[in-house]
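> You'll find input_29.cif just under this line, and it carries mmCIF, C-alpha atoms and all ligand atoms.
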data_data
#
loop_
_atom_site.label_atom_id
_atom_site.label_comp_id
_atom_site.auth_asym_id
_atom_site.auth_seq_id
_atom_site.Cartn_x
_atom_site.Cartn_y
_atom_site.Cartn_z
CA MET A 15 -26.34 -24.01 -3.11
CA ASN A 16 -26.60 -21.64 -0.16
CA ILE A 17 -23.77 -19.13 0.24
CA LEU A 18 -22.79 -16.81 3.10
CA ILE A 19 -20.87 -13.72 1.95
CA VAL A 20 -18.71 -11.97 4.57
CA GLY A 21 -18.42 -8.19 4.09
CA GLY A 22 -20.68 -5.22 3.54
CA GLY A 23 -19.50 -2.91 0.77
CA GLY A 24 -19.89 -2.36 -2.97
CA ARG A 25 -17.63 -5.31 -3.70
CA GLU A 26 -19.83 -7.65 -1.68
CA HIS A 27 -22.94 -6.24 -3.39
CA ALA A 28 -21.36 -7.06 -6.78
CA ILE A 29 -20.48 -10.59 -5.59
CA ALA A 30 -24.06 -11.07 -4.34
CA ALA A 31 -25.51 -9.78 -7.65
CA SER A 32 -23.31 -12.15 -9.63
CA LEU A 33 -24.27 -15.16 -7.48
CA LYS A 34 -27.94 -14.19 -7.66
CA LYS A 35 -27.80 -14.86 -11.44
CA SER A 36 -26.73 -18.46 -10.82
CA ALA A 37 -29.37 -21.13 -11.37
CA LYS A 38 -27.58 -23.18 -8.71
CA VAL A 39 -27.78 -20.65 -5.93
CA GLU A 40 -30.82 -20.94 -3.74
CA LYS A 41 -30.16 -18.73 -0.73
CA LEU A 42 -27.71 -15.89 -0.22
CA TYR A 43 -26.75 -14.65 3.22
CA CYS A 44 -24.49 -11.70 4.01
CA ALA A 45 -22.79 -10.42 7.17
CA PRO A 46 -23.03 -7.56 7.84
CA GLY A 47 -24.30 -6.58 4.35
CA ASN A 48 -25.86 -3.15 3.76
CA GLY A 49 -29.05 -1.44 2.57
CA GLY A 50 -28.61 -2.47 -1.07
CA ILE A 51 -27.39 -6.01 -0.43
CA SER A 52 -30.53 -6.68 1.66
CA ALA A 53 -32.55 -6.76 -1.59
CA LEU A 54 -30.55 -9.85 -2.68
CA ALA A 55 -29.43 -11.57 0.50
CA GLU A 56 -30.60 -12.05 4.06
CA CYS A 57 -28.28 -9.83 6.12
CA PHE A 58 -27.04 -10.49 9.65
CA PRO A 59 -25.47 -7.84 11.92
CA VAL A 60 -22.15 -9.62 12.50
CA LYS A 61 -18.97 -7.67 11.78
CA ALA A 62 -16.76 -8.93 8.95
CA THR A 63 -13.78 -8.93 11.35
CA ASP A 64 -15.57 -10.95 14.06
CA ILE A 65 -14.12 -14.41 13.38
CA ASP A 66 -15.92 -16.22 16.22
CA GLY A 67 -19.18 -14.44 15.37
CA ILE A 68 -18.98 -15.48 11.71
CA VAL A 69 -18.15 -19.11 12.61
CA GLU A 70 -21.14 -19.11 14.95
CA LEU A 71 -23.37 -17.64 12.21
CA ALA A 72 -22.15 -20.29 9.76
CA ARG A 73 -23.06 -22.99 12.30
CA LYS A 74 -26.56 -21.53 12.48
CA LEU A 75 -27.09 -21.14 8.70
CA ASN A 76 -25.06 -24.16 7.56
CA PRO A 77 -24.22 -22.71 4.09
CA ASP A 78 -22.52 -24.79 1.37
CA TYR A 79 -19.83 -22.12 1.04
CA VAL A 80 -18.62 -19.09 2.99
CA PHE A 81 -17.16 -16.41 0.71
CA VAL A 82 -14.79 -14.20 2.74
CA ALA A 83 -14.33 -10.98 0.73
CA PRO A 84 -12.39 -8.34 2.78
CA ASP A 85 -8.66 -8.30 3.54
CA ASP A 86 -8.59 -8.07 7.35
CA PRO A 87 -10.54 -11.25 8.18
CA LEU A 88 -8.57 -13.16 5.51
CA VAL A 89 -5.23 -11.99 6.93
CA ALA A 90 -6.48 -12.76 10.46
CA GLY A 91 -7.30 -16.38 9.53
CA MET A 92 -11.09 -16.47 9.19
CA VAL A 93 -10.89 -19.08 6.41
CA ASP A 94 -8.72 -21.35 8.58
CA LYS A 95 -11.24 -21.14 11.44
CA LEU A 96 -14.18 -21.82 9.09
CA ASN A 97 -12.38 -24.81 7.54
CA ASP A 98 -11.56 -26.17 11.02
CA ALA A 99 -15.27 -25.93 11.81
CA GLY A 100 -16.04 -28.02 8.68
CA PHE A 101 -17.12 -25.29 6.24
CA LYS A 102 -16.08 -24.96 2.62
CA THR A 103 -14.83 -21.50 1.74
CA PHE A 104 -13.76 -19.11 -1.00
CA GLY A 105 -10.69 -17.09 -0.01
CA PRO A 106 -7.09 -17.83 1.03
CA ARG A 107 -5.97 -19.23 4.37
CA ALA A 108 -3.87 -16.91 6.58
CA ASN A 109 -0.55 -18.40 5.43
CA ALA A 110 -1.39 -17.32 1.86
CA ALA A 111 -3.26 -14.07 2.69
CA ILE A 112 0.09 -12.84 4.05
CA ILE A 113 0.86 -11.93 0.42
CA GLU A 114 -1.22 -8.81 1.16
CA GLY A 115 -0.80 -8.77 4.95
CA SER A 116 2.96 -8.21 4.85
CA LYS A 117 4.78 -6.22 2.20
CA SER A 118 8.15 -7.48 3.44
CA PHE A 119 6.83 -11.02 2.81
CA SER A 120 5.55 -10.24 -0.70
CA LYS A 121 8.68 -8.29 -1.67
CA GLY A 122 10.86 -11.16 -0.37
CA LEU A 123 8.81 -13.66 -2.37
CA MET A 124 9.24 -11.64 -5.57
CA LYS A 125 12.98 -11.27 -4.98
CA LYS A 126 13.45 -15.00 -4.29
CA TYR A 127 11.48 -16.09 -7.38
CA GLY A 128 12.59 -13.35 -9.79
CA ILE A 129 9.15 -11.77 -10.21
CA PRO A 130 9.52 -8.19 -11.58
CA THR A 131 8.88 -5.45 -8.99
CA ALA A 132 10.52 -2.22 -7.75
CA ALA A 133 13.94 -2.61 -6.06
CA TYR A 134 13.62 -2.27 -2.26
CA GLU A 135 14.99 -2.72 1.26
CA VAL A 136 13.17 -3.50 4.53
CA PHE A 137 13.83 -1.58 7.77
CA THR A 138 12.80 -1.57 11.42
CA ASP A 139 15.48 0.89 12.51
CA GLU A 140 15.12 4.61 11.80
CA GLU A 141 18.85 5.34 11.54
CA LYS A 142 19.44 2.56 9.03
CA ALA A 143 16.43 3.64 6.96
CA VAL A 144 17.62 7.26 6.87
CA ALA A 145 21.17 6.17 5.96
CA TYR A 146 19.68 4.17 3.06
CA LEU A 147 17.70 7.21 1.86
CA ARG A 148 20.91 9.29 1.88
CA GLU A 149 22.84 6.60 0.04
CA GLN A 150 20.12 6.12 -2.62
CA ASN A 151 19.52 9.87 -2.92
CA SER A 152 16.77 9.26 -5.48
CA TYR A 153 13.37 11.01 -5.44
CA PRO A 154 10.50 10.55 -5.39
CA ALA A 155 11.09 7.74 -2.87
CA VAL A 156 8.36 5.28 -1.93
CA ILE A 157 7.88 4.40 1.76
CA LYS A 158 5.39 1.71 2.70
CA ALA A 159 4.13 0.36 6.01
CA ASP A 160 4.59 -3.42 6.09
CA GLY A 161 1.05 -4.33 7.14
CA LEU A 162 -2.58 -3.44 6.35
CA ALA A 163 -3.29 0.30 6.65
CA LEU A 164 -6.66 0.86 4.93
CA GLY A 165 -4.86 1.75 1.69
CA LYS A 166 -3.13 4.68 3.39
CA GLY A 167 0.22 3.10 4.23
CA VAL A 168 2.06 4.26 1.09
CA ILE A 169 3.88 7.59 1.03
CA ILE A 170 5.46 8.94 -2.15
CA ALA A 171 8.05 11.41 -0.81
CA LYS A 172 9.24 14.10 -3.20
CA ASP A 173 12.44 14.96 -1.31
CA PHE A 174 14.68 13.86 1.56
CA GLU A 175 12.76 15.84 4.22
CA GLU A 176 9.42 14.24 3.31
CA ALA A 177 10.99 10.79 3.16
CA ARG A 178 12.68 11.22 6.55
CA ASP A 179 9.39 12.43 8.08
CA ALA A 180 7.53 9.44 6.64
CA VAL A 181 10.10 7.04 8.09
CA HIS A 182 9.90 8.78 11.47
CA SER A 183 6.07 8.78 11.53
CA MET A 184 5.93 5.04 10.90
CA LEU A 185 8.91 3.68 12.85
CA VAL A 186 9.01 6.11 15.78
CA ASP A 187 5.58 7.77 16.14
CA GLY A 188 3.77 4.53 15.32
CA LYS A 189 1.45 6.20 12.79
CA PHE A 190 0.13 2.86 11.51
CA GLY A 191 0.60 0.98 14.79
CA LYS A 192 2.01 -2.52 14.38
CA SER A 193 1.46 -2.32 10.59
CA GLY A 194 4.20 0.33 10.38
CA ALA A 195 6.71 -1.18 12.83
CA GLU A 196 8.48 -2.54 9.76
CA ILE A 197 8.74 -0.51 6.55
CA VAL A 198 9.70 -1.05 2.93
CA ILE A 199 11.58 1.66 1.01
CA GLU A 200 11.37 1.10 -2.71
CA GLU A 201 12.27 2.52 -6.06
CA PHE A 202 9.70 4.85 -7.69
CA MET A 203 8.21 3.34 -10.86
CA THR A 204 6.42 5.12 -13.69
CA GLY A 205 3.80 4.03 -16.22
CA PRO A 206 0.08 3.30 -16.44
CA GLU A 207 -1.43 1.14 -13.71
CA VAL A 208 -3.56 -1.93 -14.38
CA SER A 209 -5.52 -4.07 -11.93
CA VAL A 210 -5.81 -7.75 -12.82
CA LEU A 211 -7.87 -10.00 -10.56
CA ALA A 212 -7.30 -13.71 -11.05
CA PHE A 213 -9.06 -16.86 -9.90
CA THR A 214 -6.66 -19.49 -8.63
CA ASP A 215 -7.01 -22.87 -6.93
CA GLY A 216 -3.34 -22.90 -5.90
CA LYS A 217 -2.27 -24.59 -9.16
CA ALA A 218 -4.02 -23.03 -12.15
CA VAL A 219 -4.48 -19.28 -12.60
CA LYS A 220 -7.27 -17.70 -14.65
CA PRO A 221 -6.98 -13.92 -14.97
CA MET A 222 -10.21 -11.96 -15.19
CA ILE A 223 -10.87 -8.96 -17.45
CA SER A 224 -8.39 -6.16 -16.63
CA SER A 225 -9.54 -2.91 -15.02
CA MET A 226 -8.39 0.59 -14.10
CA ASP A 227 -8.97 2.18 -10.70
CA HIS A 228 -9.11 5.95 -10.01
CA LYS A 229 -7.63 6.27 -6.54
CA ARG A 230 -7.46 10.04 -5.98
CA ALA A 231 -10.44 11.93 -4.56
CA TYR A 232 -10.71 14.65 -7.24
CA ASP A 233 -10.68 15.06 -11.02
CA ASN A 234 -7.32 14.98 -12.83
CA ASP A 235 -5.95 12.73 -10.08
CA GLU A 236 -5.84 15.50 -7.52
CA GLY A 237 -6.55 15.24 -3.80
CA LEU A 238 -5.91 12.43 -1.35
CA ASN A 239 -5.77 8.73 -2.08
CA THR A 240 -9.08 6.95 -1.46
CA GLY A 241 -10.24 3.36 -1.57
CA GLY A 242 -11.14 4.06 -5.24
CA MET A 243 -13.49 6.65 -6.80
CA GLY A 244 -14.38 4.68 -9.90
CA THR A 245 -13.27 1.95 -12.26
CA ILE A 246 -13.52 0.90 -15.87
CA ALA A 247 -13.01 -2.47 -17.59
CA PRO A 248 -11.33 -3.61 -19.71
CA ASN A 249 -8.21 -1.44 -19.27
CA PRO A 250 -6.97 -0.29 -22.72
CA CYS A 251 -3.33 -0.15 -21.48
CA TYR A 252 -3.43 -3.90 -20.98
CA THR A 253 -2.78 -5.18 -24.49
CA ASP A 254 -2.73 -8.87 -25.48
CA GLU A 255 1.05 -8.68 -25.65
CA ILE A 256 1.34 -7.30 -22.10
CA ALA A 257 -1.20 -9.86 -20.89
CA ALA A 258 0.94 -12.69 -22.31
CA GLU A 259 4.07 -11.23 -20.67
CA CYS A 260 2.27 -10.93 -17.31
CA MET A 261 1.04 -14.52 -17.53
CA GLU A 262 4.56 -15.92 -18.02
CA LYS A 263 6.58 -13.55 -15.84
CA ILE A 264 4.16 -12.67 -13.05
CA PHE A 265 0.93 -14.68 -12.71
CA LYS A 266 2.16 -18.26 -13.14
CA PRO A 267 5.42 -17.67 -11.23
CA THR A 268 3.52 -16.12 -8.27
CA ILE A 269 1.08 -19.04 -7.98
CA LYS A 270 3.94 -21.54 -8.24
CA ALA A 271 6.07 -19.60 -5.72
CA MET A 272 3.26 -19.63 -3.15
CA ALA A 273 2.72 -23.37 -3.68
CA ASP A 274 6.48 -24.06 -3.41
CA GLU A 275 6.59 -22.09 -0.16
CA GLY A 276 3.87 -24.37 1.26
CA ARG A 277 1.34 -21.52 1.06
CA PRO A 278 -1.04 -22.53 -1.75
CA PHE A 279 -3.29 -19.57 -2.58
CA LYS A 280 -6.96 -20.41 -3.19
CA GLY A 281 -9.40 -17.66 -4.06
CA CYS A 282 -8.96 -14.39 -5.91
CA LEU A 283 -5.46 -12.93 -6.15
CA TYR A 284 -5.29 -9.27 -7.16
CA PHE A 285 -2.27 -8.14 -9.12
CA GLY A 286 -1.67 -4.37 -8.94
CA LEU A 287 0.60 -3.80 -11.93
CA MET A 288 2.52 -0.92 -13.45
CA ILE A 289 3.46 -1.04 -17.12
CA THR A 290 6.93 0.54 -16.82
CA PRO A 291 9.33 1.28 -19.70
CA GLN A 292 11.15 -1.92 -18.61
CA GLY A 293 7.98 -4.02 -18.79
CA ALA A 294 5.16 -4.94 -16.40
CA LYS A 295 6.04 -4.93 -12.69
CA VAL A 296 4.08 -5.74 -9.53
CA VAL A 297 3.13 -2.71 -7.39
CA GLU A 298 1.23 -4.81 -4.88
CA TYR A 299 -0.67 -8.02 -4.34
CA ASN A 300 -4.07 -8.12 -2.65
CA CYS A 301 -5.43 -11.41 -1.31
CA ARG A 302 -9.00 -10.66 -2.44
CA PHE A 303 -11.30 -9.03 -4.96
CA GLY A 304 -10.64 -5.28 -5.35
CA ASP A 305 -13.17 -2.62 -4.45
CA PRO A 306 -14.41 -1.01 -6.79
CA GLU A 307 -12.71 -3.26 -9.40
CA THR A 308 -15.15 -6.11 -8.69
CA GLN A 309 -18.06 -3.84 -9.59
CA VAL A 310 -16.84 -3.58 -13.22
CA VAL A 311 -15.33 -7.05 -13.62
CA LEU A 312 -18.09 -9.38 -12.40
CA PRO A 313 -20.83 -7.88 -14.62
CA LEU A 314 -18.71 -9.01 -17.61
CA LEU A 315 -18.39 -12.59 -16.32
CA GLU A 316 -20.52 -15.02 -18.35
CA THR A 317 -19.55 -18.21 -16.51
CA ASP A 318 -21.53 -19.04 -13.36
CA LEU A 319 -19.57 -17.66 -10.37
CA ALA A 320 -20.90 -20.52 -8.22
CA ASP A 321 -19.22 -23.02 -10.59
CA ILE A 322 -15.94 -21.13 -10.21
CA ILE A 323 -16.22 -21.15 -6.40
CA GLU A 324 -16.72 -24.94 -6.51
CA SER A 325 -13.84 -25.58 -8.90
CA VAL A 326 -11.48 -23.42 -6.82
CA TRP A 327 -12.43 -25.35 -3.69
CA ASN A 328 -12.12 -28.72 -5.50
CA GLU A 329 -8.84 -27.64 -7.13
CA ASN A 330 -9.94 -28.40 -10.68
CA LEU A 331 -9.98 -24.85 -12.01
CA ALA A 332 -7.72 -25.84 -14.93
CA GLU A 333 -10.62 -27.76 -16.46
CA LEU A 334 -13.10 -24.90 -16.27
CA ASP A 335 -13.47 -22.62 -19.28
CA ILE A 336 -14.21 -19.13 -17.98
CA LYS A 337 -16.04 -16.86 -20.42
CA TRP A 338 -16.22 -13.05 -20.56
CA SER A 339 -18.54 -10.76 -22.45
CA GLY A 340 -16.89 -8.48 -25.02
CA GLU A 341 -18.60 -5.41 -23.54
CA SER A 342 -17.22 -2.56 -21.42
CA CYS A 343 -18.22 -1.60 -17.92
CA ALA A 344 -17.86 1.64 -15.92
CA CYS A 345 -18.45 2.38 -12.23
CA VAL A 346 -18.72 5.91 -10.81
CA VAL A 347 -18.47 6.11 -7.03
CA MET A 348 -20.73 8.62 -5.26
CA ALA A 349 -19.12 9.52 -1.94
CA SER A 350 -20.03 11.60 1.09
CA GLY A 351 -18.65 15.17 0.88
CA GLY A 352 -15.30 15.30 2.72
CA TYR A 353 -14.36 11.63 2.13
CA PRO A 354 -11.61 10.31 2.58
CA GLU A 355 -11.37 12.68 5.52
CA LYS A 356 -14.26 13.70 7.81
CA TYR A 357 -17.78 13.32 6.43
CA GLU A 358 -21.36 13.17 7.65
CA THR A 359 -23.74 10.20 7.35
CA GLY A 360 -27.46 9.60 7.71
CA LYS A 361 -28.44 11.64 4.61
CA GLU A 362 -31.49 10.46 2.69
CA ILE A 363 -30.65 9.25 -0.83
CA GLY A 364 -33.04 10.36 -3.57
CA GLY A 365 -33.52 8.77 -7.00
CA LEU A 366 -33.47 5.10 -5.95
CA ASP A 367 -36.41 2.70 -6.23
CA GLU A 368 -37.53 0.46 -3.36
CA THR A 369 -34.78 -2.08 -4.10
CA GLY A 370 -32.10 0.63 -4.12
CA GLN A 371 -31.75 0.68 -7.92
CA CYS A 372 -31.97 3.34 -10.64
CA ALA A 373 -33.07 2.62 -14.23
CA GLY A 374 -30.30 2.36 -16.85
CA ALA A 375 -27.55 1.36 -14.41
CA TYR A 376 -26.82 -1.08 -11.62
CA VAL A 377 -26.30 0.66 -8.30
CA TYR A 378 -23.90 -1.21 -6.01
CA HIS A 379 -24.33 0.00 -2.45
CA ALA A 380 -21.09 0.62 -0.55
CA GLY A 381 -22.17 2.59 2.53
CA THR A 382 -25.94 2.68 2.88
CA LYS A 383 -28.57 1.52 5.32
CA LEU A 384 -32.27 0.95 4.86
CA GLU A 385 -34.41 2.59 7.55
CA ASN A 386 -38.22 2.78 7.44
CA GLY A 387 -38.17 2.13 3.70
CA LYS A 388 -35.62 4.91 3.04
CA PHE A 389 -32.01 4.53 1.94
CA LEU A 390 -29.61 6.59 4.07
CA THR A 391 -25.88 7.23 3.63
CA ALA A 392 -23.79 5.23 6.10
CA GLY A 393 -20.18 5.51 4.95
CA GLY A 394 -17.55 7.43 2.98
CA ARG A 395 -18.10 5.68 -0.30
CA VAL A 396 -21.88 5.45 -0.63
CA LEU A 397 -22.80 4.06 -4.07
CA GLY A 398 -21.00 2.59 -7.09
CA VAL A 399 -23.20 3.49 -10.06
CA THR A 400 -22.34 0.97 -12.75
CA ALA A 401 -23.29 0.40 -16.38
CA THR A 402 -22.37 -2.06 -19.09
CA ALA A 403 -22.50 -1.26 -22.82
CA GLU A 404 -20.96 -2.17 -26.17
CA ASN A 405 -18.08 0.27 -25.62
CA LEU A 406 -16.55 2.34 -22.83
CA GLN A 407 -18.03 5.69 -23.91
CA ALA A 408 -21.54 4.24 -23.96
CA ALA A 409 -21.03 2.60 -20.56
CA LEU A 410 -19.79 5.89 -19.08
CA ASP A 411 -22.73 7.80 -20.58
CA LYS A 412 -25.21 5.37 -19.01
CA ALA A 413 -23.48 5.43 -15.62
CA TYR A 414 -23.25 9.25 -15.52
CA LYS A 415 -26.89 9.61 -16.59
CA ALA A 416 -27.95 7.50 -13.60
CA VAL A 417 -25.58 9.47 -11.33
CA SER A 418 -27.36 12.67 -12.39
CA GLU A 419 -30.66 11.21 -11.20
CA ILE A 420 -29.37 10.20 -7.76
CA SER A 421 -28.87 12.78 -5.04
CA PHE A 422 -27.99 13.23 -1.39
CA ASP A 423 -26.74 16.18 0.64
CA LYS A 424 -23.04 16.96 -0.10
CA ALA A 425 -22.70 14.09 -2.59
CA HIS A 426 -19.30 14.08 -4.30
CA TYR A 427 -18.14 12.17 -7.37
CA ARG A 428 -15.46 12.49 -10.01
CA ARG A 429 -16.51 13.75 -13.44
CA ASP A 430 -13.56 12.17 -15.26
CA ILE A 431 -13.84 8.44 -14.64
CA GLY A 432 -12.66 6.66 -17.80
CA LYS A 433 -11.27 9.84 -19.38
CA ARG A 434 -7.69 8.65 -19.42
CA ALA A 435 -8.75 5.25 -20.75
CA LEU A 436 -10.66 6.89 -23.62
CA GLU A 437 -7.60 9.01 -24.49
CA GLN A 438 -5.48 5.87 -24.52
CA LYS A 439 -7.51 4.28 -27.32
P1 LIG A 501 -0.55 0.47 -2.90
O1 LIG A 501 -1.38 0.75 -1.68
O2 LIG A 501 0.65 -0.36 -2.66
O3 LIG A 501 -1.39 0.05 -4.08
O4 LIG A 501 -0.01 1.89 -3.37
C1 LIG A 501 -0.88 2.95 -3.61
C2 LIG A 501 -0.48 3.65 -4.86
O5 LIG A 501 0.82 4.22 -4.69
C3 LIG A 501 -0.35 2.75 -6.08
O6 LIG A 501 -1.57 2.53 -6.72
C4 LIG A 501 0.62 3.53 -6.93
O7 LIG A 501 -0.04 4.55 -7.64
C5 LIG A 501 1.53 4.18 -5.92
N1 LIG A 501 2.77 3.39 -5.75
C6 LIG A 501 3.01 2.38 -4.89
N2 LIG A 501 4.27 1.90 -5.05
C7 LIG A 501 4.83 2.63 -6.03
C8 LIG A 501 6.12 2.63 -6.65
N3 LIG A 501 7.10 1.80 -6.28
N4 LIG A 501 6.35 3.54 -7.63
C9 LIG A 501 5.40 4.41 -8.00
N5 LIG A 501 4.18 4.46 -7.47
C10 LIG A 501 3.88 3.59 -6.48
N1 LIG A 502 -9.29 -0.61 -5.34
C1 LIG A 502 -8.09 -1.06 -4.73
C2 LIG A 502 -8.26 -2.12 -3.71
O1 LIG A 502 -9.27 -2.79 -3.63
O2 LIG A 502 -7.32 -2.33 -2.94
#
Please rewrite the model in this file as structure tokens.
Ligand code: AMP
Ligand code: GLY

Amino acid sequence: MNILIVGGGGREHAIAASLKKSAKVEKLYCAPGNGGISALAECFPVKATDIDGIVELARKLNPDYVFVAPDDPLVAGMVDKLNDAGFKTFGPRANAAIIEGSKSFSKGLMKKYGIPTAAYEVFTDEEKAVAYLREQNSYPAVIKADGLALGKGVIIAKDFEEARDAVHSMLVDGKFGKSGAEIVIEEFMTGPEVSVLAFTDGKAVKPMISSMDHKRAYDNDEGLNTGGMGTIAPNPCYTDEIAAECMEKIFKPTIKAMADEGRPFKGCLYFGLMITPQGAKVVEYNCRFGDPETQVVLPLLETDLADIIESVWNENLAELDIKWSGESCACVVMASGGYPEKYETGKEIGGLDETGQCAGAYVYHAGTKLENGKFLTAGGRVLGVTATAENLQAALDKAYKAVSEISFDKAHYRRDIGKRALEQK
């Protein structure tokens, strides 16, 4: 099997590394890829959002499957265009990717099918939104842009003034452009968060090992929200009992709801969950693998990922037994100083071998490029240093040891990845 992966971050590096282990996979291609991915796959300089460019590349390479990993091309209909051109794919079509592309759609779906989530209302009019805030008079209040906003479209307002400003910035000032022309105001939920990625062929749903993201930039969950500064798997908050509840009340009903709406979801559906005092509720759906969740989930997968891709495409996932290792995995993200705000790039990375790896861990490259045999930083999140071991503490120790051997100017990483999970045990 030859596979073209669309994307170029740590998630795509983890997908490439998992497929590389498959006896079935002959050639891996990636567009655009990055410095680390180029050790595993032939990379082509086509942007992940360039639908026509990717279709053209697929025509040239003629892969057996195209794996579309990031949210924006999925929401924009890249899978539809690839299917129209005769290619088999992994990832949802646009009419199913809308589950991430529009929060008013996903909230409406949950309301219609009784899937537990925070109470909410949708607004396009500032006056009506502000009247609703006054009437609810409950803080913190959660204000979300309807569409994709690079993970920045959620504002947790601590009082009326902040909430009113958030509404104004989205609906009137156009802070998130078209993505914020419609907003969702929802109830604030409390409890530990769990990420559960699930394979689905539109009928069956097979949850993967649970994980925990660390979204804030600094230790003790301080600083701005980021794409994710580290992850661990499995998540100790996600007990067997909660998993069984999620399966019956959230996972199966979501897959069935999408099918009943004529929007069968094929690919990986990401459930962002909060374990509230009233039970598990959906915070958000993503139409794809999470980043950096993938980096800790796929190393624990024992079944061949290529077999899963085939059974999702052929819609016989129910018959496939998916196996997971009983180990733990931890990923520490090394970012450019200043991320998620302004940062510099082009810094030489020390401590990596010629394939971009470091002994004792697996280094997933997020924002790097290879120039004249040297790895240089090329993004906000630079590396996801990942280790697997018999328990979480051992995995963290291995990952942090490798982190201490890697260096670049102004490198920043959190020292407390997995701390909360260890306290939970
Ligand atoms: P999202 O981009 O939707 O994942 O939201 C980003 C983060 O905001 C989530 O990971 C939660 O920590 C927080 N969040 C979103 N919605 C709520 C809510 N209704 N109640 C409490 N926290 C929330
Ligand atoms: N790590 C969260 C996400 O991929 O959206």
> Return as a PyMOL selection string the residues of protein, DNA or RNA that approach ligand LIG 502 (chain A) to within 8 Å, with only C-alpha atoms and all ligand atoms taken into account.
chain A and resi 165+227+229+241-242+300+302-307
> If the box runs along x, y and z of the file and leaves 5 Å on each side of ligand LIG 501 (chain A), what are its centre and edge lengths in Å, one decimal, as JSON?

{"center_x": 2.8, "center_y": 2.1, "center_z": -4.8, "size_x": 18.7, "size_y": 14.9, "size_z": 16.3}
> For ligand LIG 501 (chain A), collect every residue having any atom at a distance of at most 8 Å from a ligand atom (counting all atoms listed in the file); output as a PyMOL selection string.
chain A and resi 131-132+155-156+158+165-170+200-204+207+229+239+286+297-299
> Can I get the residues of stretch 22-113 of chain A within 8 Å of stretch 375-393 of chain A, each with the closest pair of atoms and their distance in Å to one decimal, using all atoms listed in the file, sorted chain first then ascending number, as CSV?

residue,atom,partner,partner_atom,distance
A:Gly22,CA,A:Ala380,CA,7.1
A:Gly23,CA,A:Ala380,CA,4.1
A:Gly24,CA,A:Ala380,CA,4.0
A:Arg25,CA,A:Ala380,CA,7.6
A:His27,CA,A:Tyr378,CA,5.8
A:Ala28,CA,A:Tyr378,CA,6.4
A:Asn48,CA,A:Lys383,CA,5.6
A:Gly49,CA,A:Lys383,CA,4.1
A:Gly50,CA,A:His379,CA,5.1
A:Ile51,CA,A:His379,CA,7.0
> Residues within 12 Å of A:Lys41, please, as number ranges by chain. Count all atoms listed in the file; anything in the same chain fewer than 2 positions from it doesn't count.
A: 15-19, 30, 33-39, 43-44, 54-57, 75-79
> Quick one: distance from atom CA of A:Arg178 to atom CA of A:Val296 in Å, one decimal?
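Straight-line distance from atom CA of A:Arg178 to atom CA of A:Val296 works out to 24.9 Å.
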> Could you tell me how far atom CA of A:Gly432 sits from atom CA of A:Gln407, in Å to one decimal place?
8.2 Å
> Which distance in Å separates atom CA of A:Pro248 and atom CA of A:Leu88, to one decimal?
27.1 Å
> Skip A:Tyr146 itself and residues of its chain fewer than 3 positions away, then list as a list in words all residues within 12 Å of it, counting only C-alpha atoms.
Tyr134, Glu135, Val136, Phe137, Asp139, Glu140, Glu141, Lys142, Ala143, Glu149, Gln150, Asn151, Ser152, Ala155, Ile157, Phe174, Ala177, Arg178, Val181, Val198, Ile199, Glu200 and Glu201 of chain A
> Skipping near chain neighbours, those fewer than 3 positions away, what residues fall within 9 Å of A:Ala349 using all atoms listed in the file, listed as a ChimeraX atom specification?
/A:243,352-354,381,393-398,424-427
> Write the residues you've just listed into a file as a compact mmCIF listing (two decimals), in the coordinates of the input, and include C-alpha atoms for each of them.

# COMPACT_ATOMS: atom_id res chain seq x y z
CA MET A 243 -13.49 6.65 -6.80
CA GLY A 352 -15.30 15.30 2.72
CA TYR A 353 -14.36 11.63 2.13
CA PRO A 354 -11.61 10.31 2.58
CA GLY A 381 -22.17 2.59 2.53
CA GLY A 393 -20.18 5.51 4.95
CA GLY A 394 -17.55 7.43 2.98
CA ARG A 395 -18.10 5.68 -0.30
CA VAL A 396 -21.88 5.45 -0.63
CA LEU A 397 -22.80 4.06 -4.07
CA GLY A 398 -21.00 2.59 -7.09
CA LYS A 424 -23.04 16.96 -0.10
CA ALA A 425 -22.70 14.09 -2.59
CA HIS A 426 -19.30 14.08 -4.30
CA TYR A 427 -18.14 12.17 -7.37
